[in-house]
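Engineer: Provided herewith: work-v8.txt, compact mmCIF, C-alpha atoms.
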```txt
# COMPACT_ATOMS: atom_id res chain seq x y z
CA VAL A 131 128.07 105.11 94.09
CA TYR A 132 131.37 106.70 95.11
CA GLY A 133 132.99 103.29 95.49
CA ILE A 134 132.05 102.25 91.97
CA ILE A 135 132.68 105.38 89.90
CA ASN A 136 134.78 107.47 92.30
CA LEU A 137 132.42 110.41 91.98
CA ILE A 138 130.62 112.18 94.78
CA ASN A 139 127.04 112.50 93.59
CA PHE A 140 126.22 115.98 94.88
CA ALA A 141 122.73 115.61 93.42
CA HIS A 142 121.86 112.65 95.68
CA GLY A 143 120.43 114.90 98.40
CA GLU A 144 118.29 116.64 95.81
CA VAL A 145 117.05 113.26 94.55
CA LEU A 146 115.96 112.56 98.13
CA MET A 147 114.26 115.98 98.21
CA VAL A 148 112.38 115.25 94.98
CA GLY A 149 111.29 111.91 96.44
CA ALA A 150 110.01 113.57 99.60
CA LEU A 151 108.16 116.23 97.63
CA THR A 152 106.69 113.60 95.29
CA SER A 153 105.50 111.58 98.26
CA TRP A 154 104.07 114.72 99.89
CA THR A 155 102.21 115.54 96.66
CA VAL A 156 100.72 112.04 96.39
CA ILE A 157 99.77 111.90 100.07
CA THR A 158 98.14 115.33 100.10
CA LEU A 159 96.23 114.54 96.90
CA LEU A 160 94.95 111.25 98.34
CA ALA A 161 94.44 112.44 101.93
CA GLY A 162 90.73 113.07 101.45
CA ALA A 163 90.10 109.72 99.73
CA GLY A 164 89.38 107.89 102.98
CA LEU A 165 92.35 105.53 102.68
CA PRO A 166 94.07 104.34 105.87
CA GLY A 167 97.25 106.19 106.87
CA TRP A 168 99.54 103.19 106.38
CA LEU A 169 98.24 102.75 102.83
CA LEU A 170 98.83 106.43 102.05
CA LEU A 171 102.40 106.10 103.33
CA LEU A 172 102.94 103.00 101.20
CA ILE A 173 101.52 104.66 98.07
CA GLY A 174 103.66 107.76 98.72
CA LEU A 175 106.74 105.56 99.18
CA LEU A 176 106.13 103.65 95.95
CA ALA A 177 105.62 106.90 94.02
CA ALA A 178 108.83 108.31 95.52
CA ILE A 179 110.78 105.16 94.61
CA VAL A 180 109.60 105.25 91.00
CA VAL A 181 110.34 108.97 90.59
CA CYS A 182 113.73 108.82 92.37
CA ALA A 183 114.88 105.70 90.49
CA THR A 184 113.89 107.19 87.13
CA LEU A 185 115.49 110.53 87.96
CA ASN A 186 118.76 109.02 89.18
CA TYR A 187 118.94 106.70 86.16
CA LEU A 188 118.51 109.67 83.83
CA ILE A 189 121.10 111.71 85.75
CA GLU A 190 123.64 108.91 85.43
CA LYS A 191 122.87 108.25 81.78
CA ILE A 192 122.70 111.85 80.58
CA ALA A 193 125.04 113.78 82.87
CA TYR A 194 127.62 111.38 84.32
CA ARG A 195 128.14 108.55 81.82
CA PRO A 196 129.46 110.75 78.97
CA LEU A 197 132.06 112.20 81.37
CA ARG A 198 133.30 108.94 82.87
CA THR A 199 136.64 109.12 81.05
CA ALA A 200 136.93 112.93 81.29
CA PRO A 201 139.34 114.62 83.71
CA ARG A 202 138.10 114.45 87.33
CA LEU A 203 137.05 118.11 87.44
CA ALA A 204 134.42 117.79 84.67
CA PRO A 205 132.22 115.19 86.45
CA LEU A 206 132.59 117.13 89.70
CA ILE A 207 131.32 120.33 88.11
CA THR A 208 128.52 118.37 86.43
CA ALA A 209 127.46 116.86 89.78
CA MET A 210 127.28 120.32 91.34
CA GLY A 211 125.34 121.57 88.31
CA MET A 212 122.84 118.71 88.61
CA SER A 213 122.35 119.60 92.25
CA LEU A 214 121.60 123.22 91.42
CA LEU A 215 119.36 122.22 88.52
CA LEU A 216 117.26 119.90 90.70
CA GLN A 217 116.97 122.54 93.43
CA THR A 218 115.79 125.12 90.92
CA LEU A 219 113.31 122.78 89.25
CA ALA A 220 111.91 121.77 92.65
CA MET A 221 111.42 125.43 93.58
CA ILE A 222 109.61 126.01 90.28
CA ILE A 223 107.39 122.93 90.61
CA TRP A 224 106.66 122.92 94.37
CA LYS A 225 107.33 126.57 95.28
CA PRO A 226 109.86 127.40 98.05
CA GLU A 227 107.55 127.28 101.06
CA TYR A 228 107.11 125.05 104.08
CA LYS A 229 105.17 121.85 103.55
CA SER A 230 103.95 119.54 106.27
CA PHE A 231 102.76 115.98 105.99
CA PRO A 232 99.31 115.16 107.33
CA ILE A 233 99.26 112.99 110.45
CA LEU A 234 98.71 109.45 109.21
CA LEU A 235 99.70 107.14 112.07
CA PRO A 236 98.43 106.94 115.65
CA SER A 237 100.73 108.64 118.14
CA GLU A 238 99.85 106.80 121.36
CA PRO A 239 103.07 105.82 123.15
CA PHE A 240 103.97 102.28 124.19
CA HIS A 241 105.71 101.72 127.54
CA ILE A 242 108.28 98.94 127.18
CA GLY A 243 110.58 98.26 130.12
CA GLY A 244 110.53 101.86 131.31
CA ALA A 245 111.10 103.24 127.81
CA VAL A 246 108.48 105.19 125.95
CA ILE A 247 108.26 104.53 122.22
CA ASN A 248 105.55 105.19 119.68
CA LEU A 249 104.51 103.48 116.46
CA THR A 250 106.44 106.00 114.36
CA GLN A 251 109.74 105.18 116.09
CA ILE A 252 109.07 101.44 115.85
CA LEU A 253 108.31 101.77 112.14
CA ILE A 254 111.51 103.77 111.55
CA LEU A 255 113.58 101.08 113.30
CA VAL A 256 111.91 98.27 111.34
CA VAL A 257 112.27 100.01 107.97
CA THR A 258 115.92 100.86 108.70
CA ALA A 259 116.82 97.33 109.82
CA THR A 260 115.00 95.77 106.86
CA THR A 261 116.66 98.15 104.39
CA LEU A 262 120.14 97.51 105.80
CA ALA A 263 119.61 93.73 105.83
CA GLY A 264 118.35 93.83 102.24
CA LEU A 265 121.27 95.95 101.10
CA MET A 266 123.80 93.67 102.82
CA TRP A 267 122.15 90.65 101.20
CA LEU A 268 122.20 92.35 97.79
CA VAL A 269 125.86 93.36 97.96
CA ASN A 270 127.20 90.14 99.52
CA ARG A 271 124.94 87.37 98.21
CA THR A 272 123.76 88.21 94.69
CA LYS A 273 125.27 88.20 91.23
CA LEU A 274 124.63 91.94 90.96
CA GLY A 275 126.42 92.52 94.26
CA ARG A 276 129.41 90.52 93.03
CA ALA A 277 129.40 92.59 89.84
CA MET A 278 129.22 95.79 91.91
CA ARG A 279 132.20 94.76 94.00
CA ALA A 280 134.16 93.76 90.88
CA THR A 281 133.35 97.03 89.13
CA ALA A 282 134.37 99.00 92.20
CA GLU A 283 137.68 97.15 92.33
CA ASN A 284 138.57 97.50 88.63
CA PRO A 285 135.96 98.21 85.92
CA ARG A 286 138.26 97.16 83.05
CA VAL A 287 139.08 93.79 84.55
CA ALA A 288 135.41 93.30 85.50
CA ALA A 289 134.45 93.95 81.87
CA LEU A 290 136.98 91.32 80.75
CA MET A 291 135.29 88.85 83.12
CA GLY A 292 131.87 89.44 81.51
CA VAL A 293 130.55 92.17 83.79
CA LYS A 294 128.87 95.10 82.05
CA PRO A 295 130.12 98.12 84.03
CA ASP A 296 127.59 100.52 82.50
CA MET A 297 124.72 98.25 83.58
CA VAL A 298 126.19 97.84 87.06
CA ILE A 299 126.67 101.59 87.48
CA SER A 300 123.12 102.29 86.31
CA ALA A 301 121.78 99.65 88.70
CA THR A 302 123.78 101.21 91.51
CA PHE A 303 122.30 104.63 90.79
CA ILE A 304 118.79 103.13 90.73
CA ILE A 305 119.35 101.30 94.01
CA GLY A 306 120.79 104.45 95.57
CA ALA A 307 117.68 106.35 94.49
CA ALA A 308 115.38 103.67 95.93
CA LEU A 309 117.28 103.92 99.22
CA ALA A 310 116.93 107.72 99.08
CA ALA A 311 113.17 107.27 98.62
CA SER A 312 113.14 104.90 101.58
CA GLY A 313 115.05 107.52 103.56
CA CYS A 314 112.51 110.17 102.64
CA SER A 315 109.71 107.85 103.78
CA LYS A 316 111.45 107.53 107.16
CA SER A 317 111.70 111.31 107.35
CA GLN A 318 108.00 111.56 106.50
CA ILE A 319 107.17 109.15 109.29
CA ALA A 320 109.41 111.08 111.67
CA THR A 321 107.67 114.37 110.91
CA LEU A 322 104.28 112.92 111.74
```
How does this structure look as structure tokens?
Structural biologist:
Amino acid sequence: VYGIINLINFAHGEVLMVGALTSWTVITLLAGAGLPGWLLLLIGLLAAIVVCATLNYLIEKIAYRPLRTAPRLAPLITAMGMSLLLQTLAMIIWKPEYKSFPILLPSEPFHIGGAVINLTQILILVVTATTLAGLMWLVNRTKLGRAMRATAENPRVAALMGVKPDMVISATFIIGAALAASGCSKSQIATL
């Protein structure tokens, strides 16, 4: 996001927080339904992705897009304001108290070549490697990735070449939110 619009999105951490709390809400609501742990994690992840992507799209469209041509201080103040707004709304909705995820995955360790690793750590490594490979593929091998790189280099010239910078920036915010949701799923797994 910074590379494309030269703005530090101070609200990105709060988007991750909202994703984690959304996932926690879905998982705790469905915990007694008799679903397997992996399915609960997947449902929580999908809910977090939808909520984070929608939230980040709205943040970009409502708060950041109108200020794109404003002096650099205005978007910076807006980003800090969005961060505070999301923190406050989260405290109102979820109350400022500790929340723990239910244990969903088996914790028996595997002994591999003298190392001890459990399913949670394996899953974190697989999700991280898959996410990074997918992101590299997206940025380097797709039309959207080419448009992202062009917009980051020079949005005006990219627009002259047929790229729609507003669409690319919105897509970047949505992808960033989906990655934040993926990050919150890894943190959920790690807390198990």
Engineer: In the coordinate frame of the file, compute which residues have an atom within 12 Å of (122.5, 117.7, 84.9) when using all atoms listed in the file, and state them as number ranges by chain.
Structural biologist: A: 139-142, 144-145, 185-197, 204-219
Engineer: Separation of atom CA of Leu234 of chain A and atom CA of Trp168 of chain A, in Å?
Structural biologist: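 Between atom CA of Leu234 of chain A and atom CA of Trp168 of chain A the gap works out to 6.9 Å.
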Engineer: Give the answer as one residue: which of A:Gly167, A:Ser312, A:Ile138, A:Met297 has the shortest atom-to-atom distance to Thr260 of chain A, using all atoms listed in the file?
Structural biologist: A:Ser312
Engineer: Taking only C-alpha atoms into account, name the residue in A:Leu159, A:Ala220, A:Thr261, A:Leu171 that is nearest to Gly306 of chain A.
Structural biologist: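 So, comparing all the options, the nearest one is A:Thr261.
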Engineer: With a distance cut-off of 12 Å and only C-alpha atoms, select the neighbouring residues of segment 272-274 of chain A, excluding the residue or stretch itself and same-chain residues fewer than 5 positions from it, and output the selection as a list in words.
Structural biologist: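 My list of contacting residues is Gly264, Leu265, Met266, Trp267, Arg279, Ala280, Thr281, Gly292, Val293, Lys294, Pro295, Met297, Val298, Ile299, Ser300, Ala301, Thr302 and Ile305 of chain A.
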Engineer: Closest to Val257 of chain A among A:Leu172, A:Met278, A:Ala288, A:Leu235, using all atoms listed in the file?
Structural biologist: A:Leu172
